[in-house]
$ cat data.pdb   # PDB, C-alpha atoms
ATOM      1  CA  MET A   1     -15.217  -3.663   4.674
ATOM      2  CA  GLY A   2     -17.824  -0.947   5.121
ATOM      3  CA  SER A   3     -18.944   1.568   2.571
ATOM      4  CA  LEU A   4     -17.772   5.151   2.908
ATOM      5  CA  TYR A   5     -20.330   6.094   0.250
ATOM      6  CA  LEU A   6     -23.234   4.604   2.225
ATOM      7  CA  SER A   7     -22.053   5.990   5.560
ATOM      8  CA  ASN A   8     -22.271   9.520   4.131
ATOM      9  CA  LEU A   9     -25.933   9.187   3.092
ATOM     10  CA  SER A  10     -28.765  10.592   5.196
ATOM     11  CA  GLY A  11     -31.594   8.281   6.252
ATOM     12  CA  GLU A  12     -33.778   9.732   3.499
ATOM     13  CA  GLN A  13     -31.055   9.238   0.868
ATOM     14  CA  THR A  14     -30.524   5.643   2.003
ATOM     15  CA  ALA A  15     -34.264   4.923   1.786
ATOM     16  CA  ASP A  16     -34.323   6.443  -1.707
ATOM     17  CA  LEU A  17     -31.375   4.272  -2.799
ATOM     18  CA  GLU A  18     -33.039   1.149  -1.347
ATOM     19  CA  ARG A  19     -36.240   1.970  -3.276
ATOM     20  CA  ARG A  20     -34.334   2.502  -6.554
ATOM     21  CA  LEU A  21     -32.361  -0.733  -6.115
ATOM     22  CA  TRP A  22     -35.579  -2.597  -5.250
ATOM     23  CA  GLU A  23     -37.219  -1.306  -8.417
ATOM     24  CA  SER A  24     -34.249  -2.173 -10.649
ATOM     25  CA  GLN A  25     -34.066  -5.680  -9.107
ATOM     26  CA  LYS A  26     -37.814  -6.163  -9.597
ATOM     27  CA  GLY A  27     -38.309  -6.518  -5.835
ATOM     28  CA  VAL A  28     -36.070  -9.540  -5.259
ATOM     29  CA  CYS A  29     -32.928 -10.211  -3.230
ATOM     30  CA  PHE A  30     -29.852 -10.286  -5.454
ATOM     31  CA  ILE A  31     -28.463 -13.258  -3.503
ATOM     32  CA  CYS A  32     -31.399 -15.666  -3.099
ATOM     33  CA  GLY A  33     -33.833 -14.296  -5.678
ATOM     34  CA  LYS A  34     -36.750 -14.245  -3.212
ATOM     35  CA  GLU A  35     -39.059 -11.291  -2.710
ATOM     36  CA  ILE A  36     -38.039  -8.318  -0.578
ATOM     37  CA  ASP A  37     -40.850  -6.395   1.086
ATOM     38  CA  LEU A  38     -39.469  -2.919   1.789
ATOM     39  CA  LYS A  39     -42.047  -2.219   4.498
ATOM     40  CA  LEU A  40     -42.166  -5.553   6.345
ATOM     41  CA  GLN A  41     -38.436  -6.233   6.055
ATOM     42  CA  ARG A  42     -37.353  -2.626   6.548
ATOM     43  CA  ASN A  43     -34.860  -3.521   9.279
ATOM     44  CA  ALA A  44     -33.731  -6.781   7.681
ATOM     45  CA  ILE A  45     -32.271  -5.678   4.348
ATOM     46  CA  ASP A  46     -28.769  -4.621   3.371
ATOM     47  CA  ILE A  47     -27.276  -2.630   0.565
ATOM     48  CA  ASP A  48     -24.415  -4.874  -0.519
ATOM     49  CA  HIS A  49     -21.497  -4.476  -2.901
ATOM     50  CA  ILE A  50     -21.978  -6.702  -5.940
ATOM     51  CA  ILE A  51     -18.219  -6.920  -6.434
ATOM     52  CA  PRO A  52     -16.499  -6.595  -3.045
ATOM     53  CA  ILE A  53     -14.231  -3.587  -2.604
ATOM     54  CA  LYS A  54     -11.402  -5.865  -1.471
ATOM     55  CA  ILE A  55     -11.275  -7.493  -4.910
ATOM     56  CA  GLY A  56     -11.554  -4.283  -6.890
ATOM     57  CA  GLY A  57     -15.243  -3.370  -6.763
ATOM     58  CA  ARG A  58     -16.167   0.279  -6.688
ATOM     59  CA  ASP A  59     -17.860   1.946  -3.734
ATOM     60  CA  ASP A  60     -20.654   3.584  -5.716
ATOM     61  CA  GLU A  61     -24.273   3.058  -6.706
ATOM     62  CA  GLN A  62     -23.367   1.104  -9.846
ATOM     63  CA  ASN A  63     -21.904  -1.624  -7.614
ATOM     64  CA  PHE A  64     -24.739  -1.871  -5.052
ATOM     65  CA  ALA A  65     -27.578  -4.353  -4.789
ATOM     66  CA  LEU A  66     -30.301  -4.983  -2.233
ATOM     67  CA  ALA A  67     -30.224  -8.208  -0.229
ATOM     68  CA  HIS A  68     -31.898  -9.777   2.785
ATOM     69  CA  SER A  69     -29.594  -9.244   5.765
ATOM     70  CA  HIS A  70     -29.518 -12.989   6.507
ATOM     71  CA  CYS A  71     -28.550 -13.768   2.893
ATOM     72  CA  ASN A  72     -25.768 -11.200   3.007
ATOM     73  CA  ARG A  73     -24.419 -12.597   6.300
ATOM     74  CA  SER A  74     -24.519 -16.191   5.048
ATOM     75  CA  LYS A  75     -22.694 -15.188   1.853
ATOM     76  CA  GLN A  76     -19.972 -13.476   3.893
ATOM     77  CA  ALA A  77     -19.672 -16.427   6.276
ATOM     78  CA  ALA A  78     -19.283 -18.844   3.380
ATOM     79  CA  GLY A  79     -16.579 -16.682   1.841
ATOM     80  CA  ARG A  80     -17.859 -17.129  -1.687
ATOM     81  CA  PRO A  81     -20.317 -15.267  -3.893
ATOM     82  CA  LYS A  82     -23.857 -16.607  -4.161
ATOM     83  CA  SER A  83     -25.461 -13.810  -6.145
ATOM     84  CA  ILE A  84     -27.915 -14.373  -8.937
ATOM     85  CA  VAL A  85     -27.664 -12.637 -12.281
ATOM     86  CA  LEU A  86     -30.134  -9.791 -12.681
TER
END
$ encode --input "data.pdb" --output "structure tokens"
Amino acid sequence: MGSLYLSNLSGEQTADLERRLWESQKGVCFICGKEIDLKLQRNAIDIDHIIPIKIGGRDDEQNFALAHSHCNRSKQAAGRPKSIVL
């Protein structure tokens, strides 16, 4: 399920949210725990729901985390959470 909240953000607002999430996560992917480089991986990162909407998670900034796109896709394909605790 997509995020109505995220779809309403401008490109600048999305970049600002990514930067704030990156800072709060100390620059690591919330799924694999490996470094995220915001410049080099600019087109390969996702803002993901920590608790999926379909199981009661909220669609707001308090429930978002930054992840590598490939980590997010593999988590969804597996059908089970793989996130690390921040």
$ closest_residue --input "data.pdb" --among "A:Asp37, A:Arg42, A:Ser7, A:Ile55" --to "Glu23 in chain A" --atoms "only C-alpha atoms"
A:Asp37
$ residues_around --input "data.pdb" --residues "range 44-46 of chain A" --least-positions-apart "3" --cutoff "12 Å" --atoms "all atoms listed in the file" --output "PyMOL selection string"
chain A and resi 2-3+6+14-15+17-19+21-22+27-31+35-41+49-50+64-73
$ atom_distance --input "data.pdb" --atom1 "CA of Lys26 in chain A" --atom2 "CA of Glu61 in chain A"
16.6 Å
$ atom_distance --input "data.pdb" --atom1 "CA of Gly57 in chain A" --atom2 "CA of Asp16 in chain A"
22.0 Å
$ atom_distance --input "data.pdb" --atom1 "CA of Leu4 in chain A" --atom2 "CA of Asn63 in chain A"
13.2 Å
$ closest_residue --input "data.pdb" --among "A:Gln25, A:Cys32, A:Glu12, A:Arg20" --to "Ser74 in chain A" --atoms "all atoms listed in the file"
A:Cys32
$ axis_aligned_box --input "data.pdb" --around "range 45-62 of chain A" --padding-each-side "4 Å" --output "AutoDock Vina command-line options"
--center_x -21.8 --center_y -2.0 --center_z -2.7 --size_x 29.0 --size_y 19.1 --size_z 22.2
